[in-house]
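Q: Dropping in input.cif, with mmCIF, C-alpha atoms, pLDDT in the B column; chains and numbers go by the auth columns.
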data_start
#
loop_
_atom_site.group_PDB
_atom_site.id
_atom_site.type_symbol
_atom_site.label_atom_id
_atom_site.label_comp_id
_atom_site.label_asym_id
_atom_site.label_seq_id
_atom_site.Cartn_x
_atom_site.Cartn_y
_atom_site.Cartn_z
_atom_site.B_iso_or_equiv
_atom_site.auth_seq_id
_atom_site.auth_asym_id
ATOM 1 C CA MET A 1 -13.551 7.882 -18.204 89.00 2 A
ATOM 2 C CA ILE A 2 -11.300 10.706 -17.029 93.00 3 A
ATOM 3 C CA GLU A 3 -11.781 11.908 -13.469 96.00 4 A
ATOM 4 C CA THR A 4 -9.604 14.339 -11.506 98.00 5 A
ATOM 5 C CA ARG A 5 -9.842 15.428 -7.895 98.00 6 A
ATOM 6 C CA ALA A 6 -7.599 17.323 -5.488 98.00 7 A
ATOM 7 C CA PHE A 7 -6.766 15.997 -2.021 97.00 8 A
ATOM 8 C CA GLU A 8 -5.448 17.797 1.033 94.00 9 A
ATOM 9 C CA ARG A 9 -1.953 16.864 2.148 93.00 10 A
ATOM 10 C CA ARG A 10 -2.925 14.772 5.172 93.00 11 A
ATOM 11 C CA LEU A 11 -3.218 11.065 5.933 94.00 12 A
ATOM 12 C CA GLU A 12 -6.944 11.372 6.560 94.00 13 A
ATOM 13 C CA ALA A 13 -7.347 12.088 2.836 96.00 14 A
ATOM 14 C CA LEU A 14 -6.669 8.401 2.116 97.00 15 A
ATOM 15 C CA ALA A 15 -10.301 7.513 2.855 97.00 16 A
ATOM 16 C CA GLU A 16 -11.435 10.284 0.495 98.00 17 A
ATOM 17 C CA ILE A 17 -9.120 8.932 -2.203 98.00 18 A
ATOM 18 C CA VAL A 18 -10.610 5.450 -1.849 97.00 19 A
ATOM 19 C CA ALA A 19 -14.116 6.913 -2.109 97.00 20 A
ATOM 20 C CA PHE A 20 -13.066 8.864 -5.210 97.00 21 A
ATOM 21 C CA CYS A 21 -11.721 5.681 -6.814 96.00 22 A
ATOM 22 C CA ASP A 22 -14.908 3.782 -5.872 94.00 23 A
ATOM 23 C CA GLU A 23 -16.977 6.457 -7.565 95.00 24 A
ATOM 24 C CA ALA A 24 -14.800 6.868 -10.656 94.00 25 A
ATOM 25 C CA LEU A 25 -14.269 3.136 -11.214 91.00 26 A
ATOM 26 C CA GLY A 26 -17.780 2.027 -10.335 86.00 27 A
ATOM 27 C CA GLY A 27 -18.564 0.614 -13.751 76.00 28 A
ATOM 28 C CA HIS A 28 -15.033 -0.220 -14.762 81.00 29 A
ATOM 29 C CA GLY A 29 -15.076 -3.884 -13.811 80.00 30 A
ATOM 30 C CA LEU A 30 -11.645 -3.831 -12.211 86.00 31 A
ATOM 31 C CA ALA A 31 -10.712 -7.183 -10.620 88.00 32 A
ATOM 32 C CA ALA A 32 -10.067 -7.219 -6.858 88.00 33 A
ATOM 33 C CA ALA A 33 -6.344 -7.813 -7.357 89.00 34 A
ATOM 34 C CA ASP A 34 -6.082 -4.907 -9.800 92.00 35 A
ATOM 35 C CA ARG A 35 -7.983 -2.634 -7.437 93.00 36 A
ATOM 36 C CA MET A 36 -5.577 -3.673 -4.670 94.00 37 A
ATOM 37 C CA THR A 37 -2.679 -2.675 -6.910 95.00 38 A
ATOM 38 C CA LEU A 38 -4.284 0.658 -7.777 96.00 39 A
ATOM 39 C CA ASP A 39 -5.058 1.540 -4.147 97.00 40 A
ATOM 40 C CA PHE A 40 -1.642 0.380 -2.986 98.00 41 A
ATOM 41 C CA ALA A 41 0.268 2.426 -5.556 98.00 42 A
ATOM 42 C CA ILE A 42 -1.785 5.573 -4.961 98.00 43 A
ATOM 43 C CA GLU A 43 -1.365 5.318 -1.181 98.00 44 A
ATOM 44 C CA GLU A 44 2.370 4.726 -1.358 98.00 45 A
ATOM 45 C CA LEU A 45 2.940 7.610 -3.782 98.00 46 A
ATOM 46 C CA PHE A 46 0.593 9.980 -1.954 97.00 47 A
ATOM 47 C CA THR A 47 2.098 9.275 1.489 96.00 48 A
ATOM 48 C CA ASN A 48 5.555 9.582 -0.043 95.00 49 A
ATOM 49 C CA MET A 49 4.597 13.088 -1.172 94.00 50 A
ATOM 50 C CA LEU A 50 3.431 13.945 2.344 93.00 51 A
ATOM 51 C CA LYS A 51 6.598 12.573 3.882 90.00 52 A
ATOM 52 C CA TYR A 52 9.191 14.067 1.587 85.00 53 A
ATOM 53 C CA SER A 53 7.423 17.204 0.343 79.00 54 A
ATOM 54 C CA PRO A 54 5.388 18.307 3.367 72.00 55 A
ATOM 55 C CA ALA A 55 5.498 21.933 2.271 70.00 56 A
ATOM 56 C CA GLY A 56 3.809 21.526 -1.095 68.00 57 A
ATOM 57 C CA ILE A 57 1.771 24.615 -1.879 75.00 58 A
ATOM 58 C CA GLU A 58 -1.331 22.955 -3.263 88.00 59 A
ATOM 59 C CA PRO A 59 -3.391 19.823 -2.710 95.00 60 A
ATOM 60 C CA VAL A 60 -2.265 16.715 -4.595 96.00 61 A
ATOM 61 C CA ARG A 61 -4.264 16.177 -7.777 97.00 62 A
ATOM 62 C CA ILE A 62 -5.104 12.614 -8.786 98.00 63 A
ATOM 63 C CA THR A 63 -6.435 11.688 -12.220 98.00 64 A
ATOM 64 C CA LEU A 64 -7.861 8.310 -13.218 97.00 65 A
ATOM 65 C CA GLU A 65 -8.213 7.410 -16.897 95.00 66 A
ATOM 66 C CA GLY A 66 -9.441 4.251 -18.534 90.00 67 A
ATOM 67 C CA ALA A 67 -12.126 2.527 -20.512 79.00 68 A
ATOM 68 C CA PRO A 68 -14.327 -0.276 -19.119 74.00 69 A
ATOM 69 C CA GLY A 69 -12.598 -3.631 -19.475 72.00 70 A
ATOM 70 C CA ASP A 70 -9.234 -1.957 -19.985 82.00 71 A
ATOM 71 C CA GLY A 71 -6.472 -1.042 -17.528 88.00 72 A
ATOM 72 C CA VAL A 72 -6.433 2.213 -15.557 94.00 73 A
ATOM 73 C CA ALA A 73 -3.865 5.008 -15.890 95.00 74 A
ATOM 74 C CA VAL A 74 -3.259 7.127 -12.796 97.00 75 A
ATOM 75 C CA THR A 75 -1.492 10.492 -12.564 98.00 76 A
ATOM 76 C CA LEU A 76 -0.531 12.237 -9.309 98.00 77 A
ATOM 77 C CA VAL A 77 0.514 15.889 -9.556 97.00 78 A
ATOM 78 C CA ASP A 78 2.236 17.720 -6.701 95.00 79 A
ATOM 79 C CA ARG A 79 3.108 21.413 -7.106 93.00 80 A
ATOM 80 C CA GLY A 80 5.560 23.594 -5.234 91.00 81 A
ATOM 81 C CA VAL A 81 7.933 20.774 -4.402 92.00 82 A
ATOM 82 C CA GLU A 82 11.527 19.779 -5.022 92.00 83 A
ATOM 83 C CA ARG A 83 12.431 17.128 -7.567 94.00 84 A
ATOM 84 C CA PHE A 84 12.214 13.594 -6.228 94.00 85 A
ATOM 85 C CA ASP A 85 12.203 10.841 -8.815 96.00 86 A
ATOM 86 C CA VAL A 86 10.410 7.980 -7.121 96.00 87 A
ATOM 87 C CA THR A 87 11.118 5.668 -10.041 96.00 88 A
ATOM 88 C CA ALA A 88 14.827 5.887 -9.189 95.00 89 A
ATOM 89 C CA ALA A 89 14.361 4.782 -5.575 93.00 90 A
ATOM 90 C CA PRO A 90 16.494 1.743 -4.732 91.00 91 A
ATOM 91 C CA ASP A 91 14.961 -1.689 -4.417 92.00 92 A
ATOM 92 C CA ALA A 92 14.404 -3.109 -0.949 93.00 93 A
ATOM 93 C CA ASP A 93 16.051 -6.357 0.077 93.00 94 A
ATOM 94 C CA THR A 94 13.042 -8.613 0.611 94.00 95 A
ATOM 95 C CA ALA A 95 15.212 -11.573 1.626 95.00 96 A
ATOM 96 C CA LEU A 96 16.429 -10.061 4.895 94.00 97 A
ATOM 97 C CA SER A 97 15.832 -11.984 8.108 94.00 98 A
ATOM 98 C CA LEU A 98 13.374 -10.708 10.698 94.00 99 A
ATOM 99 C CA GLU A 99 16.234 -9.470 12.853 92.00 100 A
ATOM 100 C CA ARG A 100 17.645 -7.319 10.052 94.00 101 A
ATOM 101 C CA ARG A 101 14.336 -6.017 8.791 92.00 102 A
ATOM 102 C CA GLN A 102 13.331 -2.461 9.619 89.00 103 A
ATOM 103 C CA PRO A 103 9.988 -0.776 8.886 85.00 104 A
ATOM 104 C CA GLY A 104 10.055 1.417 5.795 85.00 105 A
ATOM 105 C CA GLY A 105 11.551 1.232 2.344 87.00 106 A
ATOM 106 C CA LEU A 106 9.112 -1.300 0.947 94.00 107 A
ATOM 107 C CA GLY A 107 6.465 0.978 -0.516 96.00 108 A
ATOM 108 C CA LEU A 108 8.124 2.175 -3.714 96.00 109 A
ATOM 109 C CA HIS A 109 9.746 -1.229 -4.198 95.00 110 A
ATOM 110 C CA LEU A 110 6.329 -2.871 -4.221 96.00 111 A
ATOM 111 C CA VAL A 111 4.820 -0.194 -6.461 96.00 112 A
ATOM 112 C CA ARG A 112 7.552 -0.906 -9.000 95.00 113 A
ATOM 113 C CA ARG A 113 6.729 -4.598 -8.764 92.00 114 A
ATOM 114 C CA LEU A 114 2.964 -4.239 -8.947 93.00 115 A
ATOM 115 C CA VAL A 115 2.243 -1.657 -11.632 93.00 116 A
ATOM 116 C CA GLY A 116 2.614 -2.286 -15.319 78.00 117 A
ATOM 117 C CA GLU A 117 4.666 0.812 -15.991 91.00 118 A
ATOM 118 C CA TRP A 118 5.436 4.085 -14.242 96.00 119 A
ATOM 119 C CA SER A 119 7.156 7.354 -15.044 97.00 120 A
ATOM 120 C CA TYR A 120 8.269 10.538 -13.325 98.00 121 A
ATOM 121 C CA GLU A 121 8.403 14.044 -14.783 98.00 122 A
ATOM 122 C CA TYR A 122 9.538 17.249 -13.058 97.00 123 A
ATOM 123 C CA ARG A 123 8.472 20.618 -14.441 97.00 124 A
ATOM 124 C CA ALA A 124 10.942 23.040 -12.926 96.00 125 A
ATOM 125 C CA ALA A 125 9.068 26.247 -13.818 95.00 126 A
ATOM 126 C CA ALA A 126 6.079 25.187 -11.737 91.00 127 A
ATOM 127 C CA ARG A 127 8.178 23.061 -9.354 92.00 128 A
ATOM 128 C CA GLU A 128 5.752 20.306 -10.239 94.00 129 A
ATOM 129 C CA SER A 129 6.199 16.554 -9.843 96.00 130 A
ATOM 130 C CA ARG A 130 4.072 14.339 -12.062 97.00 131 A
ATOM 131 C CA ILE A 131 3.984 10.595 -11.463 98.00 132 A
ATOM 132 C CA ARG A 132 2.094 8.427 -13.858 98.00 133 A
ATOM 133 C CA PHE A 133 1.492 4.696 -13.656 97.00 134 A
ATOM 134 C CA ARG A 134 -0.766 2.160 -15.248 95.00 135 A
ATOM 135 C CA VAL A 135 -2.543 -0.763 -13.666 93.00 136 A
ATOM 136 C CA PRO A 136 -2.990 -3.360 -16.370 86.00 137 A
ATOM 137 C CA ARG A 137 -5.840 -5.807 -16.309 80.00 138 A
ATOM 138 C CA ARG A 138 -4.905 -8.897 -14.315 69.00 139 A
ATOM 139 C CA SER A 139 -5.081 -10.963 -17.500 52.00 140 A
ATOM 140 C CA GLU A 140 -2.323 -8.804 -19.059 51.00 141 A
ATOM 141 C CA THR A 141 0.181 -9.847 -16.418 49.00 142 A
ATOM 142 C CA ALA A 142 1.596 -13.114 -15.150 43.00 143 A
ATOM 143 C CA ARG A 143 2.154 -12.303 -11.504 47.00 144 A
ATOM 144 C CA GLY A 144 0.669 -15.242 -9.643 45.00 145 A
ATOM 145 C CA GLY A 145 2.471 -14.856 -6.327 46.00 146 A
ATOM 146 C CA GLN A 146 6.061 -14.569 -7.485 52.00 147 A
ATOM 147 C CA ARG A 147 8.598 -13.268 -5.032 54.00 148 A
ATOM 148 C CA CYS A 148 10.474 -10.088 -5.943 50.00 149 A
ATOM 149 C CA MET B 1 -11.964 1.947 8.118 89.00 18 B
ATOM 150 C CA LEU B 2 -10.297 -0.759 10.206 96.00 19 B
ATOM 151 C CA THR B 3 -11.563 -2.820 13.104 97.00 20 B
ATOM 152 C CA LEU B 4 -9.614 -5.109 15.406 97.00 21 B
ATOM 153 C CA GLU B 5 -11.373 -7.105 18.074 96.00 22 B
ATOM 154 C CA SER B 6 -10.525 -10.079 20.233 93.00 23 B
ATOM 155 C CA GLY B 7 -12.866 -13.016 19.680 88.00 24 B
ATOM 156 C CA ALA B 8 -14.042 -15.602 22.178 86.00 25 B
ATOM 157 C CA ASP B 9 -11.690 -18.135 20.581 88.00 26 B
ATOM 158 C CA GLY B 10 -8.705 -15.958 21.449 86.00 27 B
ATOM 159 C CA ALA B 11 -8.054 -14.900 17.873 93.00 28 B
ATOM 160 C CA VAL B 12 -7.963 -11.236 16.911 97.00 29 B
ATOM 161 C CA ARG B 13 -10.304 -10.439 14.051 97.00 30 B
ATOM 162 C CA VAL B 14 -8.975 -7.832 11.637 98.00 31 B
ATOM 163 C CA ALA B 15 -11.364 -6.270 9.163 98.00 32 B
ATOM 164 C CA GLY B 16 -11.203 -3.398 6.709 97.00 33 B
ATOM 165 C CA ARG B 17 -8.192 -1.491 5.459 97.00 34 B
ATOM 166 C CA LEU B 18 -4.840 -1.455 7.241 98.00 35 B
ATOM 167 C CA ASP B 19 -3.400 1.663 5.635 98.00 36 B
ATOM 168 C CA ALA B 20 -1.185 4.550 6.737 98.00 37 B
ATOM 169 C CA ALA B 21 -4.120 6.391 8.291 97.00 38 B
ATOM 170 C CA GLN B 22 -5.009 3.371 10.463 98.00 39 B
ATOM 171 C CA ALA B 23 -1.490 2.184 11.288 97.00 40 B
ATOM 172 C CA ALA B 24 -1.134 4.038 14.599 97.00 41 B
ATOM 173 C CA ALA B 25 -4.443 2.702 15.952 97.00 42 B
ATOM 174 C CA ALA B 26 -3.566 -0.825 14.815 98.00 43 B
ATOM 175 C CA GLN B 27 -0.161 -0.582 16.462 98.00 44 B
ATOM 176 C CA ALA B 28 -1.688 0.616 19.719 98.00 45 B
ATOM 177 C CA PHE B 29 -4.067 -2.374 19.738 97.00 46 B
ATOM 178 C CA LEU B 30 -1.387 -4.945 18.914 97.00 47 B
ATOM 179 C CA ASP B 31 1.050 -3.481 21.449 97.00 48 B
ATOM 180 C CA ARG B 32 -1.269 -4.696 24.193 96.00 49 B
ATOM 181 C CA LEU B 33 -1.009 -8.350 23.121 95.00 50 B
ATOM 182 C CA SER B 34 1.585 -10.936 24.077 95.00 51 B
ATOM 183 C CA GLY B 35 2.514 -14.563 23.456 96.00 52 B
ATOM 184 C CA GLU B 36 1.161 -16.437 20.441 96.00 53 B
ATOM 185 C CA VAL B 37 -1.196 -14.054 18.660 97.00 54 B
ATOM 186 C CA ALA B 38 -3.541 -15.377 15.997 97.00 55 B
ATOM 187 C CA LEU B 39 -4.956 -12.832 13.555 97.00 56 B
ATOM 188 C CA ASP B 40 -8.090 -13.802 11.677 97.00 57 B
ATOM 189 C CA CYS B 41 -7.639 -11.827 8.460 97.00 58 B
ATOM 190 C CA ARG B 42 -10.673 -13.043 6.547 96.00 59 B
ATOM 191 C CA GLY B 43 -12.114 -9.533 6.716 97.00 60 B
ATOM 192 C CA LEU B 44 -8.885 -7.736 5.827 97.00 61 B
ATOM 193 C CA ASP B 45 -9.549 -6.076 2.466 96.00 62 B
ATOM 194 C CA TYR B 46 -6.314 -4.172 2.017 97.00 63 B
ATOM 195 C CA ILE B 47 -2.846 -3.648 3.455 98.00 64 B
ATOM 196 C CA SER B 48 -0.176 -1.111 2.535 98.00 65 B
ATOM 197 C CA SER B 49 3.498 -0.883 3.474 97.00 66 B
ATOM 198 C CA ALA B 50 2.461 1.052 6.590 97.00 67 B
ATOM 199 C CA GLY B 51 0.366 -1.948 7.638 98.00 68 B
ATOM 200 C CA LEU B 52 3.253 -4.293 6.958 97.00 69 B
ATOM 201 C CA GLY B 53 5.393 -2.082 9.180 97.00 70 B
ATOM 202 C CA VAL B 54 2.908 -2.513 12.028 97.00 71 B
ATOM 203 C CA LEU B 55 3.035 -6.295 11.691 98.00 72 B
ATOM 204 C CA LEU B 56 6.825 -6.283 11.451 97.00 73 B
ATOM 205 C CA LYS B 57 7.197 -4.257 14.635 97.00 74 B
ATOM 206 C CA THR B 58 4.705 -6.529 16.411 98.00 75 B
ATOM 207 C CA GLN B 59 6.411 -9.714 15.236 98.00 76 B
ATOM 208 C CA LYS B 60 9.793 -8.447 16.412 97.00 77 B
ATOM 209 C CA ARG B 61 8.402 -7.568 19.833 97.00 78 B
ATOM 210 C CA LEU B 62 6.536 -10.865 20.250 97.00 79 B
ATOM 211 C CA MET B 63 9.455 -13.014 19.159 96.00 80 B
ATOM 212 C CA GLY B 64 11.637 -11.199 21.641 95.00 81 B
ATOM 213 C CA SER B 65 9.586 -12.867 24.363 94.00 82 B
ATOM 214 C CA ALA B 66 9.033 -16.297 22.765 94.00 83 B
ATOM 215 C CA GLY B 67 5.750 -15.302 21.133 96.00 84 B
ATOM 216 C CA ARG B 68 4.819 -14.797 17.498 97.00 85 B
ATOM 217 C CA LEU B 69 2.152 -13.693 15.067 98.00 86 B
ATOM 218 C CA ARG B 70 0.084 -16.191 13.114 97.00 87 B
ATOM 219 C CA LEU B 71 -2.115 -14.879 10.299 98.00 88 B
ATOM 220 C CA ARG B 72 -4.920 -16.873 8.727 96.00 89 B
ATOM 221 C CA GLY B 73 -7.552 -16.276 6.074 96.00 90 B
ATOM 222 C CA LEU B 74 -5.662 -13.831 3.862 97.00 91 B
ATOM 223 C CA SER B 75 -7.376 -13.072 0.562 96.00 92 B
ATOM 224 C CA PRO B 76 -5.303 -13.880 -2.531 94.00 93 B
ATOM 225 C CA HIS B 77 -4.574 -10.229 -3.332 93.00 94 B
ATOM 226 C CA VAL B 78 -3.531 -9.422 0.249 96.00 95 B
ATOM 227 C CA ARG B 79 -1.426 -12.593 0.302 96.00 96 B
ATOM 228 C CA ASP B 80 0.341 -11.339 -2.835 94.00 97 B
ATOM 229 C CA ILE B 81 1.604 -8.314 -0.898 96.00 98 B
ATOM 230 C CA PHE B 82 3.092 -10.569 1.782 97.00 99 B
ATOM 231 C CA VAL B 83 4.794 -12.735 -0.821 96.00 100 B
ATOM 232 C CA TYR B 84 6.157 -9.835 -2.909 95.00 101 B
ATOM 233 C CA SER B 85 7.577 -8.195 0.220 96.00 102 B
ATOM 234 C CA GLY B 86 9.093 -11.398 1.590 96.00 103 B
ATOM 235 C CA PHE B 87 6.909 -11.118 4.679 97.00 104 B
ATOM 236 C CA ASP B 88 5.680 -14.673 4.148 97.00 105 B
ATOM 237 C CA GLN B 89 9.212 -15.691 5.187 96.00 106 B
ATOM 238 C CA ILE B 90 9.184 -13.840 8.491 97.00 107 B
ATOM 239 C CA ILE B 91 5.517 -14.144 9.510 97.00 108 B
ATOM 240 C CA ASP B 92 3.425 -17.326 9.472 97.00 109 B
ATOM 241 C CA ILE B 93 0.609 -16.630 6.996 97.00 110 B
ATOM 242 C CA GLY B 94 -0.495 -20.231 6.535 93.00 111 B
ATOM 243 C CA ALA B 95 -1.043 -22.022 3.264 89.00 112 B
ATOM 244 C CA ALA B 96 -3.005 -20.516 0.394 85.00 113 B
ATOM 245 C CA GLU B 97 -6.644 -21.581 0.532 74.00 114 B
#
In structure tokens, what does this structure look like?

A:
Amino acid sequence: MIETRAFERRLEALAEIVAFCDEALGGHGLAAADRMTLDFAIEELFTNMLKYSPAGIEPVRITLEGAPGDGVAVTLVDRGVERFDVTAAPDADTALSLERRQPGGLGLHLVRRLVGEWSYEYRAAARESRIRFRVPRRSETARGGQRC
Amino acid sequence: MLTLESGADGAVRVAGRLDAAQAAAAQAFLDRLSGEVALDCRGLDYISSAGLGVLLKTQKRLMGSAGRLRLRGLSPHVRDIFVYSGFDQIIDIGAAE
């Protein structure tokens, strides 16, 4: 399975992205926890693109690849933007007290924790950011509620 | 799609997806509540960092006036997000079922 679709740069596109994933992954047999990871990572990366590259010149393209029973590889492509390597974003301090906690900063930290692997590539000629990550099958990981 | 509604038992039932597109509506609903607020999350399918931000802001506001949030019925995969983010240490999410 390889499916690609383009999404307008607006928050309302999140529902369309979920519907796209539902359709593309219909027969994939992805476990609920793995689907949570996939949706979470796509939302965090997509909204990060909206927040930090609001003037991108084209819709964001999302590609899903995978075989039934296997993990899913996801690629997000954003053109007409400046370089921003999300994989280099600093970790959040998840041990802070309620008083010291502020909203924000958790998204990329959690993506790093949840996905099996991720990479960032910037193609300067096209001013294109490409983020790729893979959601492994739950059985390939040993998460089980560990703190990070 | 996200729904929040106050039940007859006083708990607020949360159902659907608490994502970035729904965060503002969720915040507006929770901003109207005070005191000890119980959220029945059995119908909550998904939460993102934007949803966590809504709960953080609400917990800070409630605790400023001797109230607090209490979440129950989290699914295992939603609970994972709370644990990985350390939110299980600042919001009462109950024991795993």

Q: So how far away is CA of Asp94 (chain A) from CA of Arg135 (chain A), in Å?

A: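 CA of Asp94 (chain A) lies at a distance of 24.3 Å from CA of Arg135 (chain A).
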
Q: If you take all atoms listed in the file and a cut-off of 9 Å, which residues of region 20-110 of chain A touch region 58-67 of chain B, and what are their nearest atom pairs and distances in Å to one decimal, in chain and number order, as a Markdown table?

A:
| residue | atom | partner | partner_atom | distance |
| --- | --- | --- | --- | --- |
| A:Met37 | CA | B:Tyr63 | CA | 6.7 |
| A:Asp40 | CA | B:Tyr63 | CA | 8.5 |
| A:Phe41 | CA | B:Ser65 | CA | 5.9 |
| A:Ala42 | CA | B:Ser65 | CA | 8.8 |
| A:Glu44 | CA | B:Ser65 | CA | 7.5 |
| A:Glu45 | CA | B:Ser65 | CA | 7.5 |
| A:Pro104 | CA | B:Ala67 | CA | 8.1 |
| A:Gly105 | CA | B:Ser66 | CA | 7.3 |
| A:Gly106 | CA | B:Ser66 | CA | 8.4 |
| A:Leu107 | CA | B:Ser66 | CA | 6.2 |
| A:Gly108 | CA | B:Ser66 | CA | 5.3 |

Q: Would you compute the distance between CA of Leu19 (chain B) and CA of Leu47 (chain B)? Give it in Å to one decimal.

A: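 Distance reported for this atom pair: 13.1 Å.
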
Q: Output the contact residues of chain A with respect to chain B at a cut-off of 8 Å, based on all atoms listed in the file, as JSON, numbers by chain.

A: {"A": [12, 13, 15, 16, 33, 34, 37, 41, 44, 45, 48, 95, 96, 98, 99, 100, 102, 103, 104, 105, 107, 108, 111, 114, 145, 146, 147, 148, 149]}

Q: Which residues are close to Ile110 (chain B), i.e. within 8 Å by only C-alpha atoms, leaving aside same-chain residues fewer than 6 positions away? Reply as a list in words.

A: Arg87, Leu88, Arg89 and Leu91 of chain B

Q: Report, in Å with one decimal, the straight-line distance from CA of Tyr123 (chain A) to CA of Thr88 (chain A).

A: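 Result for CA of Tyr123 (chain A) versus CA of Thr88 (chain A): 12.1 Å, one decimal.
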
Q: So, with all atoms listed in the file as the atoms that count, which of B:Asp26, B:Arg78, B:Gly84, B:Ala32 lies closest to Gly52 (chain B)?

A: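 Looking only at the distances to Gly52 (chain B), the closest residue turns out to be B:Gly84.
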
Q: I'd like to know which of A:Ser120, A:Ser130, A:Ser54, A:Asn49 is closest to Ala74 (chain A), using all atoms listed in the file.

A: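 Using all atoms listed in the file, the shortest distance to Ala74 (chain A) belongs to A:Ser120.
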
Q: Of the candidates A:Ile18, A:Leu109, A:Leu26, A:Ala7, which one gets nearest to Val73 (chain A) if we count only C-alpha atoms?

A: A:Leu26

Q: Just want the 10 Å neighbourhood of Arg138 (chain A), counted on all atoms listed in the file, with same-chain residues fewer than 5 positions away dropped. Output as a PyMOL selection string.

A: chain A and resi 30-32+34-36+70-73+117

Q: Identify the residues within 12 Å of coordinate (5.8, 14.0, 3.3) (same frame as the file), considering all atoms listed in the file, and give the answer as number ranges by chain.

A: A: 10-12, 45-57, 61, 79, 82-83, 85
